[in-house]
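Asks: So that we are looking at the same thing, I have put the structure below in structure tokens.
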Amino acid sequence: MKALFIVDLQNDFCPHGALPTPKGDAIIPVVNKLMSKFDFVLASKDWHPEKSVHFKKWPVHCVHDTHGAEFPSSLTVDKIDTIFLKGTDDKDDGYSAFEASNINLADYLKKNKITALYVAGLVIEFCVKRTVMDALKHGLNTFVVKDAVEGIYQNPGDVPLAFEEMKNAGATIIHSSEIVGGRE
Ligand code: VGL
Ligand code: ZN
């Protein structure tokens, strides 16, 4: 089985959010288009408590049950099968979706015979990269959809570096047109 995995595509990581990616909203139509091509559509949400050690490093963002933690209204949420909540511990960053606390992602993938993971979402330098690295460690055939991810560009060089790291670890970097076809 093949799954699309949407990492932290939440209001606070979009251009008007608390921890914005400059062009994060531009990936939404790409992600929407990809959804129908997969057996499963899975998503993670950064889902922090009001107080967390995480907020010593970052502006307050994605506090559970707030607007900033919601999916953008233009995302086709009814196609999402399961949502994995991460960063829920006040003593932990929880960057990787494999650290989700509500459902164990590795067990879920195994149970549903998902062997290929196509990763989209926000943000490249942190949660996308950590999730991809963990997917590879779990032996998944792991793809990064390059036009369906975006970074915060805090240190601009970290974006190409993250792509290099993911590639060197065994991920395949692809364009969405290789999945949906180029002439739709
Ligand atoms: C993220 C920084 C802090 C992410 C989450 O989703 O990549 N980055 N919290
Ligand atoms: Zn966070």
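In the structure tokens, chains take the letters A, B, ... in the order shown, each chain's residues start at 1, and ligands count up from 1 in the order shown.
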Give the residues close to ligand 1, within 7 Å, counting only C-alpha atoms and all ligand atoms; write them as a list in words.

Replies: Val7, Asp8, Asp46, Trp58, Tyr95, Leu122, Val123, Ile124, Glu125, Phe126, Cys127 and Val128 of chain A

Asks: Okay, now the selection with N, CA and C atoms, as an mmCIF file, in the first residue's frame?

Replies:
```cif
data_model
loop_
_atom_site.group_PDB
_atom_site.id
_atom_site.type_symbol
_atom_site.label_atom_id
_atom_site.label_comp_id
_atom_site.auth_asym_id
_atom_site.auth_seq_id
_atom_site.Cartn_x
_atom_site.Cartn_y
_atom_site.Cartn_z
ATOM 1 N N VAL A 7 2.723 16.361 6.454
ATOM 2 C CA VAL A 7 3.313 16.792 7.729
ATOM 3 C C VAL A 7 2.873 18.227 8.059
ATOM 4 N N ASP A 8 2.245 18.406 9.194
ATOM 5 C CA ASP A 8 2.028 19.733 9.820
ATOM 6 C C ASP A 8 1.594 20.845 8.848
ATOM 7 N N ASP A 46 1.180 19.291 14.508
ATOM 8 C CA ASP A 46 1.944 19.764 15.638
ATOM 9 C C ASP A 46 0.880 20.201 16.648
ATOM 10 N N TRP A 58 11.145 28.367 20.086
ATOM 11 C CA TRP A 58 10.248 28.804 19.013
ATOM 12 C C TRP A 58 9.176 29.738 19.533
ATOM 13 N N TYR A 95 9.408 16.516 16.911
ATOM 14 C CA TYR A 95 9.493 16.929 15.505
ATOM 15 C C TYR A 95 8.989 15.850 14.537
ATOM 16 N N LEU A 122 4.900 20.717 5.857
ATOM 17 C CA LEU A 122 5.722 21.779 6.438
ATOM 18 C C LEU A 122 6.367 21.266 7.738
ATOM 19 N N VAL A 123 7.546 21.666 8.138
ATOM 20 C CA VAL A 123 8.458 22.458 7.356
ATOM 21 C C VAL A 123 9.682 21.615 7.021
ATOM 22 N N ILE A 124 10.268 21.907 5.868
ATOM 23 C CA ILE A 124 11.334 21.059 5.328
ATOM 24 C C ILE A 124 12.473 20.825 6.315
ATOM 25 N N GLU A 125 12.950 21.908 6.948
ATOM 26 C CA GLU A 125 14.160 21.798 7.774
ATOM 27 C C GLU A 125 13.935 21.022 9.074
ATOM 28 N N PHE A 126 12.694 20.913 9.513
ATOM 29 C CA PHE A 126 12.441 20.287 10.820
ATOM 30 C C PHE A 126 11.554 19.046 10.696
ATOM 31 N N CYS A 127 10.248 19.238 10.756
ATOM 32 C CA CYS A 127 9.380 18.066 10.892
ATOM 33 C C CYS A 127 9.314 17.203 9.632
ATOM 34 N N VAL A 128 9.408 17.815 8.462
ATOM 35 C CA VAL A 128 9.425 17.005 7.232
ATOM 36 C C VAL A 128 10.679 16.141 7.233
#
```

Asks: Can I get the residues of chain A within 9 Å of ligand 2, each with the closest pair of atoms and their distance in Å to one decimal, using only C-alpha atoms and all ligand atoms, sorted chain first then ascending number, as JSON lines?

Replies:
```
{"residue": "A:Asp8", "atom": "CA", "partner": "ligand 2", "partner_atom_place_in_ligand_line": "1 (Zn)", "distance": 9.0}
{"residue": "A:Leu19", "atom": "CA", "partner": "ligand 2", "partner_atom_place_in_ligand_line": "1 (Zn)", "distance": 8.8}
{"residue": "A:Asp46", "atom": "CA", "partner": "ligand 2", "partner_atom_place_in_ligand_line": "1 (Zn)", "distance": 5.5}
{"residue": "A:Trp47", "atom": "CA", "partner": "ligand 2", "partner_atom_place_in_ligand_line": "1 (Zn)", "distance": 7.3}
{"residue": "A:His48", "atom": "CA", "partner": "ligand 2", "partner_atom_place_in_ligand_line": "1 (Zn)", "distance": 6.7}
{"residue": "A:His54", "atom": "CA", "partner": "ligand 2", "partner_atom_place_in_ligand_line": "1 (Zn)", "distance": 6.7}
{"residue": "A:Phe55", "atom": "CA", "partner": "ligand 2", "partner_atom_place_in_ligand_line": "1 (Zn)", "distance": 8.0}
{"residue": "A:Trp58", "atom": "CA", "partner": "ligand 2", "partner_atom_place_in_ligand_line": "1 (Zn)", "distance": 7.4}
{"residue": "A:Pro59", "atom": "CA", "partner": "ligand 2", "partner_atom_place_in_ligand_line": "1 (Zn)", "distance": 8.9}
{"residue": "A:Val60", "atom": "CA", "partner": "ligand 2", "partner_atom_place_in_ligand_line": "1 (Zn)", "distance": 8.1}
{"residue": "A:His61", "atom": "CA", "partner": "ligand 2", "partner_atom_place_in_ligand_line": "1 (Zn)", "distance": 6.4}
{"residue": "A:Cys62", "atom": "CA", "partner": "ligand 2", "partner_atom_place_in_ligand_line": "1 (Zn)", "distance": 6.5}
{"residue": "A:Val63", "atom": "CA", "partner": "ligand 2", "partner_atom_place_in_ligand_line": "1 (Zn)", "distance": 8.6}
{"residue": "A:Lys86", "atom": "CA", "partner": "ligand 2", "partner_atom_place_in_ligand_line": "1 (Zn)", "distance": 8.4}
{"residue": "A:Gly87", "atom": "CA", "partner": "ligand 2", "partner_atom_place_in_ligand_line": "1 (Zn)", "distance": 6.3}
{"residue": "A:Asp93", "atom": "CA", "partner": "ligand 2", "partner_atom_place_in_ligand_line": "1 (Zn)", "distance": 6.5}
{"residue": "A:Gly94", "atom": "CA", "partner": "ligand 2", "partner_atom_place_in_ligand_line": "1 (Zn)", "distance": 7.4}
{"residue": "A:Tyr95", "atom": "CA", "partner": "ligand 2", "partner_atom_place_in_ligand_line": "1 (Zn)", "distance": 6.9}
{"residue": "A:Cys127", "atom": "CA", "partner": "ligand 2", "partner_atom_place_in_ligand_line": "1 (Zn)", "distance": 8.4}
```

Asks: Return as a ChimeraX atom specification the full set of residues in region 46-175 of chain A whose backbone-based DSSP assignment is strand (DSSP E or B).

Replies: /A:46,48,63,82-86,116-122,141-150,172-174

Asks: So, counting only C-alpha atoms, which residue among A:Val180, A:Ser96, A:Ala18, A:Tyr153 is closest to Phe38 (chain A)?

Replies: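 Distance minimum relative to Phe38 (chain A) lands on A:Val180.
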
Asks: Tell me, as a PyMOL selection string, which residues lie within 9 Å of region 67-83 of chain A, counting only C-alpha atoms; anything in the same chain fewer than 3 positions away does not count.

Replies: chain A and resi 8-14+17-18+25+28-29+31-32+35-36+40-48+61-64+102-103

Asks: Please provide as a PyMOL selection string all residues within 9 Å of region 109-120 of chain A, with the sequence filter that same-chain residues fewer than 2 positions apart are discarded (counting only C-alpha atoms).

Replies: chain A and resi 1-7+9+27+31+39-40+104-107+122+128+131-132+135+139-150

Asks: Write the selection just made, keeping N, CA and C atoms, as a compact mmCIF listing (two decimals), in the first residue's frame?

Replies:
```txt
# COMPACT_ATOMS: atom_id res chain seq x y z
N MET A 1 0.83 -1.20 0.00
CA MET A 1 0.00 0.00 0.00
C MET A 1 0.88 1.26 0.00
N LYS A 2 0.32 2.28 -0.65
CA LYS A 2 1.03 3.57 -0.74
C LYS A 2 0.26 4.62 0.04
N ALA A 3 0.98 5.43 0.81
CA ALA A 3 0.32 6.51 1.55
C ALA A 3 0.96 7.86 1.26
N LEU A 4 0.08 8.86 1.17
CA LEU A 4 0.54 10.24 1.16
C LEU A 4 0.59 10.67 2.63
N PHE A 5 1.71 11.22 3.06
CA PHE A 5 1.80 11.69 4.44
C PHE A 5 2.00 13.20 4.46
N ILE A 6 1.02 13.91 4.99
CA ILE A 6 1.05 15.38 5.02
C ILE A 6 1.52 15.83 6.41
N VAL A 7 2.72 16.36 6.45
CA VAL A 7 3.31 16.79 7.73
C VAL A 7 2.87 18.23 8.06
N LEU A 9 0.67 20.55 7.97
CA LEU A 9 0.15 21.59 7.08
C LEU A 9 -0.95 22.34 7.84
N ILE A 27 1.56 25.18 -1.50
CA ILE A 27 1.59 23.71 -1.65
C ILE A 27 0.19 23.10 -1.49
N VAL A 31 -1.07 19.44 -2.84
CA VAL A 31 -1.43 18.36 -1.90
C VAL A 31 -2.85 17.85 -2.19
N ASP A 39 -3.59 5.02 -1.62
CA ASP A 39 -4.46 4.11 -0.87
C ASP A 39 -4.87 4.76 0.46
N PHE A 40 -3.93 5.50 1.05
CA PHE A 40 -4.18 6.16 2.33
C PHE A 40 -3.69 7.60 2.25
N ASN A 104 0.38 5.19 17.35
CA ASN A 104 1.76 4.88 16.97
C ASN A 104 1.84 4.72 15.45
N LEU A 105 2.57 5.62 14.81
CA LEU A 105 2.61 5.64 13.34
C LEU A 105 3.24 4.37 12.76
N ALA A 106 4.34 3.92 13.34
CA ALA A 106 5.01 2.71 12.82
C ALA A 106 4.06 1.50 12.86
N ASP A 107 3.34 1.36 13.97
CA ASP A 107 2.39 0.24 14.10
C ASP A 107 1.25 0.37 13.09
N LEU A 122 4.90 20.72 5.86
CA LEU A 122 5.72 21.78 6.44
C LEU A 122 6.37 21.27 7.74
N VAL A 128 9.41 17.81 8.46
CA VAL A 128 9.42 17.01 7.23
C VAL A 128 10.68 16.14 7.23
N THR A 131 10.66 13.38 9.94
CA THR A 131 9.70 12.31 9.62
C THR A 131 10.26 11.42 8.51
N VAL A 132 10.88 12.04 7.50
CA VAL A 132 11.48 11.28 6.40
C VAL A 132 12.61 10.39 6.92
N ALA A 135 11.11 7.49 8.72
CA ALA A 135 10.46 6.56 7.78
C ALA A 135 11.51 5.63 7.16
N GLY A 139 12.41 1.35 7.39
CA GLY A 139 12.46 0.52 6.19
C GLY A 139 11.43 0.84 5.13
N LEU A 140 10.82 2.02 5.21
CA LEU A 140 9.82 2.38 4.20
C LEU A 140 10.49 2.91 2.94
N ASN A 141 9.85 2.65 1.82
CA ASN A 141 10.27 3.25 0.57
C ASN A 141 9.76 4.69 0.63
N THR A 142 10.68 5.64 0.78
CA THR A 142 10.29 7.00 1.16
C THR A 142 10.58 8.02 0.07
N PHE A 143 9.56 8.80 -0.27
CA PHE A 143 9.64 9.82 -1.31
C PHE A 143 9.35 11.18 -0.69
N VAL A 144 10.02 12.22 -1.20
CA VAL A 144 9.71 13.59 -0.79
C VAL A 144 9.20 14.31 -2.03
N VAL A 145 7.98 14.82 -1.96
CA VAL A 145 7.40 15.51 -3.12
C VAL A 145 7.84 16.97 -3.06
N LYS A 146 8.83 17.31 -3.90
CA LYS A 146 9.54 18.58 -3.71
C LYS A 146 8.69 19.84 -3.90
N ASP A 147 7.64 19.76 -4.70
CA ASP A 147 6.77 20.94 -4.87
C ASP A 147 5.57 20.89 -3.91
N ALA A 148 5.59 19.94 -2.99
CA ALA A 148 4.51 19.83 -1.99
C ALA A 148 5.07 19.96 -0.57
N VAL A 149 6.29 20.52 -0.46
CA VAL A 149 6.90 20.81 0.85
C VAL A 149 7.39 22.26 0.81
N GLU A 150 7.54 22.85 1.98
CA GLU A 150 8.08 24.20 2.03
C GLU A 150 8.84 24.39 3.35
```

Asks: Would you mind reading off the distance between CA of Phe84 (chain A) and CA of Ala100 (chain A), one decimal, in Å?

Replies: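 Going from CA of Phe84 (chain A) over to CA of Ala100 (chain A) covers 5.6 Å.
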
Asks: Which residue, A:Lys33, A:Gly151, A:Leu85, A:Leu136, has the smallest gap to Ser177 (chain A) when you use only C-alpha atoms?

Replies: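 Among the listed residues, A:Lys33 lies closest to Ser177 (chain A).
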
Asks: Just list the residues in region 23-133 of chain A DSSP gives alpha helix (DSSP H) on the backbone, as a ChimeraX atom specification.

Replies: /A:28-34,105-111,129-133
